[in-house]
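Dropping structure07.pdb in here (PDB, C-alpha atoms):
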ATOM      1  CA  MET A1263      18.289   0.987  -3.299
ATOM      2  CA  THR A1264      18.702  -2.626  -2.227
ATOM      3  CA  ALA A1265      15.797  -4.295  -4.032
ATOM      4  CA  ASP A1266      17.150  -7.063  -6.258
ATOM      5  CA  ASN A1267      13.831  -8.010  -7.832
ATOM      6  CA  PRO A1268      13.353  -5.979 -11.039
ATOM      7  CA  VAL A1269       9.604  -5.569 -10.427
ATOM      8  CA  THR A1270      10.181  -4.282  -6.902
ATOM      9  CA  ARG A1271      12.932  -1.971  -8.133
ATOM     10  CA  ARG A1272      10.717  -0.592 -10.935
ATOM     11  CA  THR A1273       7.891  -0.005  -8.479
ATOM     12  CA  ALA A1274      10.171   1.752  -5.987
ATOM     13  CA  VAL A1275      11.436   4.030  -8.767
ATOM     14  CA  LEU A1276       7.831   4.746  -9.821
ATOM     15  CA  LEU A1277       6.978   5.762  -6.244
ATOM     16  CA  GLU A1278      10.104   7.916  -5.935
ATOM     17  CA  ARG A1279       9.305   9.735  -9.190
ATOM     18  CA  ALA A1280       5.711  10.310  -8.093
ATOM     19  CA  GLY A1281       6.998  11.750  -4.824
ATOM     20  CA  LYS A1282       9.285  14.189  -6.615
ATOM     21  CA  LYS A1283       6.746  15.149  -9.276
ATOM     22  CA  GLN A1284       3.872  15.745  -6.866
ATOM     23  CA  LYS A1285       6.111  16.967  -4.018
ATOM     24  CA  ALA A1286       4.476  14.302  -1.866
ATOM     25  CA  ARG A1287       6.762  12.897   0.806
ATOM     26  CA  ILE A1288       4.448   9.913   1.382
ATOM     27  CA  TRP A1289       5.491   8.351  -1.942
ATOM     28  CA  SER A1290       9.202   8.873  -1.225
ATOM     29  CA  ASP A1291       8.758   7.239   2.192
ATOM     30  CA  ALA A1292       6.847   4.347   0.607
ATOM     31  CA  SER A1293       9.627   3.909  -1.966
ATOM     32  CA  ALA A1294      12.234   3.688   0.790
ATOM     33  CA  LEU A1295      10.173   1.077   2.663
ATOM     34  CA  LEU A1296       9.628  -0.983  -0.484
ATOM     35  CA  SER A1297      13.367  -0.915  -1.189
ATOM     36  CA  ASN A1298      14.202  -2.567   2.135
ATOM     37  CA  PRO A1299      15.853  -5.995   2.053
ATOM     38  CA  SER A1300      13.370  -8.862   1.859
ATOM     39  CA  SER A1301      14.001  -9.825   5.485
ATOM     40  CA  THR A1302      12.623  -6.460   6.660
ATOM     41  CA  ARG A1303      10.014  -5.895   3.964
ATOM     42  CA  VAL A1304       6.608  -4.626   5.060
ATOM     43  CA  GLU A1305       3.838  -7.209   5.561
ATOM     44  CA  VAL A1306       0.579  -6.049   7.130
ATOM     45  CA  ASN A1307      -2.399  -8.110   8.273
ATOM     46  CA  LEU A1308      -5.964  -7.034   7.539
ATOM     47  CA  GLY A1309      -6.709  -6.776  11.250
ATOM     48  CA  ARG A1310      -4.126  -3.998  11.572
ATOM     49  CA  ILE A1311      -5.501  -2.172   8.544
ATOM     50  CA  SER A1312      -9.007  -2.426   9.971
ATOM     51  CA  ARG A1313      -7.871  -0.932  13.299
ATOM     52  CA  LEU A1314      -5.911   1.924  11.714
ATOM     53  CA  ALA A1315      -8.212   2.856   8.822
ATOM     54  CA  ASP A1316     -10.648   5.715   9.136
ATOM     55  CA  ASP A1317     -14.017   5.469   7.429
ATOM     56  CA  GLU A1318     -13.119   7.581   4.397
ATOM     57  CA  ALA A1319      -9.298   7.735   4.416
ATOM     58  CA  PRO A1320      -7.478   5.487   1.942
ATOM     59  CA  VAL A1321      -4.653   3.283   3.212
ATOM     60  CA  PHE A1322      -1.384   2.485   1.438
ATOM     61  CA  VAL A1323       0.865  -0.477   2.280
ATOM     62  CA  PRO A1324       4.363  -0.412   0.726
ATOM     63  CA  GLY A1325       4.550  -4.190   0.783
ATOM     64  CA  LYS A1326       2.196  -7.148   1.016
ATOM     65  CA  VAL A1327      -1.266  -7.274   2.592
ATOM     66  CA  LEU A1328      -1.960 -10.585   4.334
ATOM     67  CA  GLY A1329      -5.398 -12.050   5.021
ATOM     68  CA  THR A1330      -5.175 -12.575   8.792
ATOM     69  CA  GLY A1331      -7.836 -10.647  10.666
ATOM     70  CA  VAL A1332     -11.272  -9.269   9.974
ATOM     71  CA  VAL A1333     -12.227  -6.187   7.991
ATOM     72  CA  GLU A1334     -15.404  -4.702   9.419
ATOM     73  CA  LYS A1335     -15.584  -1.537   7.355
ATOM     74  CA  LYS A1336     -15.346  -0.485   3.766
ATOM     75  CA  VAL A1337     -11.703   0.448   3.110
ATOM     76  CA  VAL A1338      -9.711   1.528   0.083
ATOM     77  CA  VAL A1339      -6.321  -0.165   0.198
ATOM     78  CA  GLY A1340      -3.390   0.280  -2.154
ATOM     79  CA  ALA A1341      -0.459  -2.103  -1.930
ATOM     80  CA  PHE A1342       2.438  -3.657  -3.781
ATOM     81  CA  SER A1343       0.771  -7.092  -3.496
ATOM     82  CA  TYR A1344      -2.073  -8.953  -1.767
ATOM     83  CA  SER A1345      -2.652 -12.490  -0.637
ATOM     84  CA  ALA A1346      -5.717 -14.028  -2.277
ATOM     85  CA  SER A1347      -7.630 -14.127   1.023
ATOM     86  CA  ALA A1348      -6.812 -10.480   1.807
ATOM     87  CA  LYS A1349      -8.093  -9.280  -1.550
ATOM     88  CA  ALA A1350     -11.261 -11.359  -1.214
ATOM     89  CA  LYS A1351     -11.974 -10.061   2.307
ATOM     90  CA  ILE A1352     -11.459  -6.414   1.307
ATOM     91  CA  GLU A1353     -13.758  -6.741  -1.693
ATOM     92  CA  ALA A1354     -16.376  -8.718   0.301
ATOM     93  CA  THR A1355     -16.942  -5.695   2.562
ATOM     94  CA  GLY A1356     -17.408  -3.379  -0.420
ATOM     95  CA  GLY A1357     -13.878  -1.979  -0.231
ATOM     96  CA  SER A1358     -11.285  -1.704  -2.958
ATOM     97  CA  ALA A1359      -7.951  -3.511  -3.251
ATOM     98  CA  LEU A1360      -6.025  -1.336  -5.702
ATOM     99  CA  THR A1361      -2.694  -2.017  -7.331
ATOM    100  CA  LEU A1362       0.055   0.497  -6.773
ATOM    101  CA  GLU A1363      -0.437   2.062 -10.219
ATOM    102  CA  GLU A1364      -4.228   2.365  -9.732
ATOM    103  CA  PHE A1365      -3.721   3.892  -6.297
ATOM    104  CA  LEU A1366      -1.198   6.466  -7.595
ATOM    105  CA  LYS A1367      -3.589   7.416 -10.378
ATOM    106  CA  LYS A1368      -6.480   7.867  -7.932
ATOM    107  CA  TYR A1369      -4.462   9.677  -5.199
ATOM    108  CA  PRO A1370      -1.514  11.319  -7.000
ATOM    109  CA  LYS A1371      -0.739  13.904  -4.313
ATOM    110  CA  GLY A1372      -1.153  11.425  -1.460
ATOM    111  CA  SER A1373      -3.252  13.857   0.554
ATOM    112  CA  GLY A1374      -5.402  12.083   3.108
ATOM    113  CA  VAL A1375      -3.635   8.771   2.493
ATOM    114  CA  LYS A1376      -2.474   6.835   5.561
ATOM    115  CA  LEU A1377       0.803   4.941   5.183
ATOM    116  CA  VAL A1378       0.650   1.645   7.096
ATOM    117  CA  ARG A1379       3.764  -0.362   7.939
TER     118      ARG A1379
END

Let's see the structure in the file written out as structure tokens.
Amino acid sequence: MTADNPVTRRTAVLLERAGKKQKARIWSDASALLSNPSSTRVEVNLGRISRLADDEAPVFVPGKVLGTGVVEKKVVVGAFSYSASAKAKIEATGGSALTLEEFLKKYPKGSGVKLVR
């Protein structure tokens, strides 16, 4: 694990434990992506999420969601962090911008969740 930030490290460990407990590879993969060095950390724009999201499938971003782009559908997004504009745009369309802990509680097994990088 290369994350130097204690919050990032704690979150990566939380994801790894959830992956082992639930036998859900998605959380182990997300932990590995979150542990990347800051220069290669995942940052995803809303436009990409909007293109990749299905109508009912939740989306998880193991990094930061940025506010560039338009969200035209109601999406449930879980992420490590959000820009203020991204969170506002998601909630304006009736979607949900969940923290990592809230998302893990709602989708513990990760079934049906799309991992976006």

Problem set entry | Residues within 8 Å of Lys1371 in chain A, all atoms listed in the file, excluding chain neighbours under 2 positions, as a list in words | Gln1284, Lys1285, Ala1286, Tyr1369 and Ser1373 of chain A

For this session: Determine the residue membership of the PyMOL selection byres ((chain A and resi 1271) around 12) for the file above and supply it as a ChimeraX atom specification.
Result: /A:1263-1270,1272-1278,1293-1299,1342

For this session: Using the chain letters and residue numbers of this document, give as a ChimeraX atom specification the residues selected by the PyMOL selection byres ((chain A and resi 1355) around 8).
Result: /A:1333-1336,1351-1354,1356-1357

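Residues matched by the PyMOL selection byres ((chain A and resi 1313) around 12) in this structure: Val1306, Asn1307, Leu1308, Gly1309, Arg1310, Ile1311, Ser1312, Leu1314, Ala1315, Asp1316, Asp1317, Val1321, Gly1331, Val1332, Val1333, Glu1334, Lys1335, Val1337 and Val1378 of chain A.
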
Output C-alpha atoms for every residue in that selection, as a compact mmCIF listing (two decimals), in the coordinates of the input.
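Now in again21.txt:
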# COMPACT_ATOMS: atom_id res chain seq x y z
CA VAL A 1306 0.58 -6.05 7.13
CA ASN A 1307 -2.40 -8.11 8.27
CA LEU A 1308 -5.96 -7.03 7.54
CA GLY A 1309 -6.71 -6.78 11.25
CA ARG A 1310 -4.13 -4.00 11.57
CA ILE A 1311 -5.50 -2.17 8.54
CA SER A 1312 -9.01 -2.43 9.97
CA LEU A 1314 -5.91 1.92 11.71
CA ALA A 1315 -8.21 2.86 8.82
CA ASP A 1316 -10.65 5.72 9.14
CA ASP A 1317 -14.02 5.47 7.43
CA VAL A 1321 -4.65 3.28 3.21
CA GLY A 1331 -7.84 -10.65 10.67
CA VAL A 1332 -11.27 -9.27 9.97
CA VAL A 1333 -12.23 -6.19 7.99
CA GLU A 1334 -15.40 -4.70 9.42
CA LYS A 1335 -15.58 -1.54 7.36
CA VAL A 1337 -11.70 0.45 3.11
CA VAL A 1378 0.65 1.64 7.10

Problem set entry | Of the listed residues A:Gly1329, A:Gly1340, A:Val1323, A:Lys1282, that which approaches Glu1364 in chain A most closely, counting only C-alpha atoms |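 Among A:Gly1329, A:Gly1340, A:Val1323, A:Lys1282, it is A:Gly1340 that comes nearest to Glu1364 in chain A.
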
For this session: For Lys1326 in chain A, list every protein, DNA or RNA residue within 8 Å, evaluated using only C-alpha atoms, and leave out those in the same chain fewer than 4 positions away; present the list as number ranges by chain.
Result: A: 1304-1306, 1341-1345

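Relative to CA of Lys1349 in chain A, CA of Val1327 in chain A is found at 8.2 Å.
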
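CA of Leu1377 in chain A is positioned 15.7 Å from CA of Glu1363 in chain A.
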
For this session: Could you please give me, as a list in words, the residues of protein, DNA or RNA lying at most 6 Å from (-7.2, 6.2, 3.8) in the coordinate frame of the file, considering all atoms listed in the file?
Result: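 Counting all atoms listed in the file, I find these residues within 6 Å of (-7.2, 6.2, 3.8): Ala1319, Pro1320, Val1321, Val1375 and Lys1376 of chain A.
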
Exercise. Which residue out of A:Arg1379, A:Lys1368, A:Arg1279, A:Arg1287 has the minimum interatomic distance to Arg1303 in chain A when all atoms listed in the file are used?
Worked result: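 Answer, going by the shortest atom-to-atom distance: A:Arg1379.
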
Exercise. Pick the closest to Glu1318 in chain A from A:Ala1292, A:Val1338, A:Ser1347, A:Ser1301: which is it, counting all atoms listed in the file?
Worked result: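 Using all atoms listed in the file, the shortest distance to Glu1318 in chain A belongs to A:Val1338.
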
Problem set entry | Interatomic distance (Å, one decimal) between CA of Gly1372 in chain A and CA of Ile1288 in chain A |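 Between CA of Gly1372 in chain A and CA of Ile1288 in chain A the gap is 6.5 Å.
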
Grab all the atoms of range 1308-1320 of chain A that the file lists, wrap them in a box along x, y and z, add 6 Å per side, and give me centre plus edge lengths in Å (one decimal) as AutoDock Vina command-line options.
--center_x -9.1 --center_y 0.4 --center_z 7.6 --size_x 21.9 --size_y 26.8 --size_z 23.4
